[in-house]
Structures are given as structure tokens and as C-alpha cells.
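Written below as C-alpha cells is the structure these notes are about.
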Amino acid sequence: MGTLVGHVAPGAGFLVIGLWQLFSHTRLFLLRPGSYSAPVWFPVRGVRHLELILIIVGATASILMELVIGPAKHQPFDDDGTIPSDHLHNFEHASISLALLVFAAVAIHLDRARAPLRDAVSQLVAAAAFAQQLLIFHLHSADHMGVEGQFHWLLQTVIAVTLATTLLGIPCPRSFVVSLVRSASLVFQGVWFIVMGVMLWTPALIPKGCFLNLEEGHDVVRCRTDDALDRAKSLVNLQFSWYLTGTVVFVVVFYLQMARLFPEEPQYLPLVKGGSDSRFSIGDDDHDEEDDVEAAKRGFGHVVSGTKPVEIER
């Protein structure tokens with residue numbers, strides 16, 4: 001990061017994954033609201049782990065950009081093997097990417113191993129990745145006082161929402177609201193990263209009274225007076241408000257359009273043999289609720305649990 005491309009590229013990644021999650025969660029809920037249970041990731045026909053593979057590829061590319069391609073020497077260390085101060089932010093950004101890479105790799109391995117509680121474990125690993133992202137941006141070695149710092153402070157609020165909803169998804173896997181807010185927060189993370197890159201490293205868009213100054217190998221926005229700095233920060237706050245409002249409107253309109261395209265599927269009540277008297281009944285008092293959800297995910301219809309058996313005479 002620290003450049004236009006360094007913010008726009010990861011922003012595009014968050015935006016794509018966020019939109020995919022938003023589409024998939026909304027579609028799953030609209031088709032089967034009664035049996036909805038939020039997965040951590042969504043398989044793709046033909047390439048089951050495509051979503052996770054894209055995360056691994058993006059995270060790997062980010063690490064290489066920060067530690068190998070970006071530095072002038074194509075390696076981030078000093079001659080004595082220590083980390084120079086002007087490359088600390090490279091290691092911070094690479095650490096965030098590493099945490100996301102670990103999440104995706106763990107999720108793939110748990111799925112292939114068919115491990116019990118794999119969704120909950122994957123959710124915990126994802127929460128750990130977002131916690132690291134929040135912590136690193138909060139303790140960022142970059143300037144917290146300038147215009148860039150204001151962008152980072154506001155970014156932390158979005159990451160906090162992503163972290164909170166990821167944790168809430170563990171005890172509340174059937175809450176569509178939790179999944180919707182988490183997906184929307186990922187979309188907004190992507191939008192805000194892109195806005196940061198464009199607004200901080202496009203000279204024509206630098207606020208009045210401020211300028212780009214080369215410091216420790218990368219450009220930083222500096223302001224000539226305190227009044228200019230206060231004005232620039234206020235403009236950042238306004239942009240955050242406007243883009244947040246735009247994201248909320250987009251999510252609502254998107255949900256309404258999805259509701260038109262994907263009406264609820266009919267609920268099928270399978271006939272279950274009732275006993276030795278050759279009669280059949282609908283429903284089963286001993287039916288496990290988790291089996292209902294798994295059956296619905298596999299497309300075998302929705303079983304209504306908790307209903308009294310209705311006997312049908314031959």
C-alpha cells in the first residue's frame with residue numbers, strides 16, 4: 001500500500017468478495033428463509049473453492065508487492081538484516097494479507113477433511129484475520145494525525161463492524177441480518193480502500209491548501225496550515241458519510257431486486273413411514289433440526305420441524 005495501486009487493488013478484492021457474499025447470502029435466504037444457515041464461504045460449480053482460491057491468490061500477490069516487487073532493492077531488509085523504518089508499513093500490510101491467506105487455506109483444508117464444526121472453526125479464523133487487520137491499522141506506523149490518518153481512523157470503524165458480525169455469525173448462523181451486515185461491510189471496505197487510493201494519490205484531488213510530499217520513499221499528503229488540515233479532515237468525514245449512505249441505498253435496492261428474481265421455493269413435506277401398521281405420517285417428532293438444514297442445502301426441500309404428525313390412511 002502507500003500508493004494509488006496499493007489501495008485500489010486490495011479494495012477491488014474486498015469489493016468483489018463482498019459482492020459475491022452479498023449475492024450468495026441474499027439468494028440463499030430468499031430461496032429458503034425457513035432453513036437459512038449462513039456458510040462462511042460459498043462453493044462455485046466446477047471449481048468448488050474458487051472464492052477461497054481467489055483470496056489466496058490476492059493475498060499472495062499483495063505480500064509479493066509489499067516485500068519483493070515494491071521495495072527498490074526488491075527485498076525489504078537493511079544490509080544488516082534488520083527491518084528499516086521506511087519498510088515497517090510494508091510488513092504491516094503484508095501481515096494483514098498473510099492472515100487472510102491463512103483463513104482461506106484453513107477453510108479449504110477443513111472442507112476437504114470434512115472436519116466437524118468446520119464452519120465455526122473457519123469463522124473463528126476469519127475473525128482472527130479481521131482482528132489483526134483492525135489492530136494493525138489502529139497501531140499503524142503511518143501518520144495518524146494527517147489526512148491519510150483520518151482515512152485510516154474511519155476505515156477502522158468498518159473493520160470493527162466486519163469483525164463483530166463475523167463473531168456474531170458463530171452463535172447466530174441463521175441470522176440473515178448478521179450475514180447481510182457483514183457482506184455490506186466487506187463491500188464498503190472495498191469502496192473505502194478505492195476512495196483512499198484515488199483521493200490521496202491523485203494530485204488534482206488533493207484538498208485546497210494541501211500537497212503531496214515525498215517522505216520515506218512514498219508520497220504523503222501534507223497541509224500548509226492547521227485550518228487547511230482541519231478542512232481536509234472534514235472533507236474526508238463528509239466523503240465517508242456520502243459513500244456509506246450510497247452503500248446502504250445500494251444494498252437495499254440490491255435486496256429488493258434479488259427478492260423479485262428469487263422467490264421463495266415451495267416447501268415440500270416428505271412422507272415418512274409412521275410404523276408397523278402400514279400407515280404414513282408427515283413429520284417426525286424425533287427429527288433432528290440440523291438434518292433439516294443440511295437437507296435443504298442439498299436441495300431436497302424444506303422439512304417442517306416441530307409439527308404434529310398428520311396420519312394419512314391408505
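Every chain in the C-alpha cells takes a letter, A first, then B, and so on in the order presented; its residues are numbered from 1, and the ligands are numbered from 1 following the presented order.
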
Enumerate, in order of chain and increasing residue number, the residues of range 78-154 of chain A with an atom no farther than 12 Å from range 181-190 of chain A, each with its shortest atom pair and distance in Å to one decimal, counting only C-alpha atoms, as JSON lines.
```
{"residue": "A:Ala126", "atom": "CA", "partner": "A:Arg182", "partner_atom": "CA", "distance": 11.8}
{"residue": "A:Ala127", "atom": "CA", "partner": "A:Arg182", "partner_atom": "CA", "distance": 11.4}
{"residue": "A:Phe130", "atom": "CA", "partner": "A:Leu186", "partner_atom": "CA", "distance": 10.7}
{"residue": "A:Gln133", "atom": "CA", "partner": "A:Gln189", "partner_atom": "CA", "distance": 11.6}
{"residue": "A:Leu134", "atom": "CA", "partner": "A:Gln189", "partner_atom": "CA", "distance": 11.9}
{"residue": "A:Phe151", "atom": "CA", "partner": "A:Gln189", "partner_atom": "CA", "distance": 11.5}
{"residue": "A:His152", "atom": "CA", "partner": "A:Gln189", "partner_atom": "CA", "distance": 11.1}
{"residue": "A:Leu154", "atom": "CA", "partner": "A:Gln189", "partner_atom": "CA", "distance": 10.2}
```

List every residue of range 105-301 of chain A that DSSP, applied to the backbone, labels as strand (DSSP E or B), and write the result as a list in words.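 The residues of range 105-301 of chain A classed as strand (DSSP E or B) are Cys210, Phe211, Leu212, Asn213, Leu214, Glu215, His218, Asp219, Val220, Val221, Arg222, Cys223, Leu271, Val272, Lys273, Phe280, Ser281 and Ile282 of chain A.
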
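Shortest atom-to-atom contact with Ala129 in chain A among A:Thr157, A:Leu214, A:Lys73, A:Ala99: A:Ala99, counting only C-alpha atoms.
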
Choose the residue, out of A:Val5, A:Met196, A:Cys172, A:Val248, that has the smallest atom-to-atom separation from Met65 in chain A; count only C-alpha atoms.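 Checking each candidate against Met65 in chain A, we get A:Val5 as the closest.
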
Hey, which of A:Pro71, A:Pro203, A:Gly246, A:Gly18 ends up closest to His87 in chain A? Count only C-alpha atoms. A:Pro71

So that I can see what lies close to Val57 in chain A, please list as an MDAnalysis selection string the residues with an atom at most 12 Å from it, counting only C-alpha atoms and leaving out residues fewer than 2 positions away in the same chain. chainID A and resid 10 13 50:55 59:64 97:98 100:102 104:105

Taking N, CA and C atoms for each residue, export the selection above as a short mmCIF file (atom, residue, chain, number, x, y, z; two decimals), in the first residue's frame.
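Result written to again07.cif:
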```
data_model
loop_
_atom_site.label_atom_id
_atom_site.label_comp_id
_atom_site.auth_asym_id
_atom_site.auth_seq_id
_atom_site.Cartn_x
_atom_site.Cartn_y
_atom_site.Cartn_z
N PRO A 10 -6.23 -3.92 -3.49
CA PRO A 10 -6.90 -4.66 -2.41
C PRO A 10 -8.35 -4.23 -2.24
N GLY A 13 -10.37 -6.22 -4.51
CA GLY A 13 -10.51 -7.58 -3.98
C GLY A 13 -11.60 -7.67 -2.92
N LEU A 50 -13.34 -21.79 -5.45
CA LEU A 50 -12.89 -20.64 -6.22
C LEU A 50 -12.80 -19.38 -5.36
N GLU A 51 -13.79 -19.12 -4.51
CA GLU A 51 -13.76 -17.93 -3.66
C GLU A 51 -12.52 -17.91 -2.78
N LEU A 52 -12.20 -19.04 -2.17
CA LEU A 52 -11.05 -19.12 -1.28
C LEU A 52 -9.74 -19.08 -2.06
N ILE A 53 -9.73 -19.67 -3.25
CA ILE A 53 -8.53 -19.62 -4.09
C ILE A 53 -8.23 -18.19 -4.50
N LEU A 54 -9.26 -17.42 -4.84
CA LEU A 54 -9.05 -16.02 -5.20
C LEU A 54 -8.48 -15.22 -4.02
N ILE A 55 -8.94 -15.54 -2.81
CA ILE A 55 -8.39 -14.86 -1.63
C ILE A 55 -6.91 -15.20 -1.47
N ALA A 59 -4.03 -12.44 -1.75
CA ALA A 59 -3.17 -12.22 -0.58
C ALA A 59 -1.70 -12.47 -0.93
N THR A 60 -1.44 -13.50 -1.70
CA THR A 60 -0.05 -13.80 -2.11
C THR A 60 0.51 -12.67 -2.96
N ALA A 61 -0.30 -12.18 -3.91
CA ALA A 61 0.15 -11.06 -4.75
C ALA A 61 0.42 -9.82 -3.91
N SER A 62 -0.41 -9.58 -2.90
CA SER A 62 -0.21 -8.42 -2.03
C SER A 62 1.10 -8.54 -1.24
N ILE A 63 1.37 -9.73 -0.72
CA ILE A 63 2.61 -9.94 0.04
C ILE A 63 3.83 -9.72 -0.86
N LEU A 64 3.77 -10.26 -2.08
CA LEU A 64 4.89 -10.08 -3.00
C LEU A 64 5.07 -8.61 -3.37
N SER A 97 -2.39 -9.40 4.87
CA SER A 97 -2.60 -10.32 3.76
C SER A 97 -2.31 -11.76 4.18
N LEU A 98 -1.28 -11.95 5.00
CA LEU A 98 -0.94 -13.30 5.47
C LEU A 98 -2.08 -13.88 6.31
N LEU A 100 -5.29 -13.23 6.06
CA LEU A 100 -6.37 -13.61 5.15
C LEU A 100 -6.01 -14.86 4.37
N LEU A 101 -4.73 -14.99 3.98
CA LEU A 101 -4.28 -16.20 3.28
C LEU A 101 -4.45 -17.43 4.18
N VAL A 102 -4.07 -17.31 5.45
CA VAL A 102 -4.21 -18.42 6.39
C VAL A 102 -5.67 -18.82 6.54
N ALA A 104 -8.14 -18.54 4.32
CA ALA A 104 -8.59 -19.25 3.13
C ALA A 104 -8.00 -20.66 3.06
N ALA A 105 -6.72 -20.80 3.40
CA ALA A 105 -6.08 -22.12 3.37
C ALA A 105 -6.69 -23.05 4.41
#
```

Residue set, range 70-303 of chain A restricted to helix (DSSP H, G or I), as an MDAnalysis selection string: chainID A and resid 85:113 118:138 147:168 176:200 203:205 226:261 289:297

Select, from A:Val40, A:Ile136, A:Val8, A:Cys210, the residue with the minimum atom-to-atom distance to Gln21 in chain A, counting only C-alpha atoms.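 Residue with the minimum atom-to-atom distance to Gln21 in chain A: A:Val40.
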
Could you please determine the separation between CA of Ala128 in chain A and CA of Leu163 in chain A in Å, to one decimal place?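 CA of Leu163 in chain A lies 8.3 Å from CA of Ala128 in chain A.
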
Residues at most 12 Å from Phe211 in chain A, counting only C-alpha atoms, excluding those fewer than 2 positions away in the same chain, as a compact mmCIF listing (two decimals) with C-alpha atoms, in the first residue's frame?
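Listed below is the output, part_12.txt:
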```txt
# COMPACT_ATOMS: atom_id res chain seq x y z
CA GLY A 146 -2.73 13.85 8.82
CA VAL A 147 -5.30 13.36 6.09
CA MET A 199 -8.21 10.77 -3.17
CA LEU A 200 -4.78 10.53 -1.53
CA TRP A 201 -2.60 9.95 -4.60
CA THR A 202 -4.32 11.89 -7.36
CA PRO A 203 -2.72 15.38 -7.32
CA ALA A 204 -5.80 17.07 -8.82
CA LEU A 205 -7.95 15.77 -5.95
CA ILE A 206 -5.73 16.89 -3.06
CA PRO A 207 -7.70 19.33 -0.81
CA LYS A 208 -7.04 23.04 -1.15
CA GLY A 209 -4.08 24.16 0.95
CA ASN A 213 5.25 15.43 -0.09
CA LEU A 214 7.76 12.62 -0.66
CA ASP A 219 4.09 10.39 -1.16
CA VAL A 220 2.17 11.74 1.84
CA VAL A 221 -0.49 14.46 1.90
CA ARG A 222 0.63 17.45 3.99
CA CYS A 223 -1.22 20.70 4.64
CA ARG A 224 0.32 24.16 4.89
CA THR A 225 -1.83 25.41 7.79
CA ALA A 228 -6.27 23.61 5.77
CA LEU A 229 -5.70 20.35 7.68
CA ALA A 232 -9.21 18.39 4.63
```

Nearest to Phe91 in chain A by atom-to-atom distance, counting only C-alpha atoms, from A:Arg48, A:Ala107, A:Leu168, A:Phe77: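 Checking each candidate against Phe91 in chain A, we get A:Phe77 as the closest.
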
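Using only C-alpha atoms for every distance, the candidate list A:Pro266, A:Pro116, A:Pro39, A:Gly6 yields A:Gly6 as the residue closest to Phe193 in chain A.
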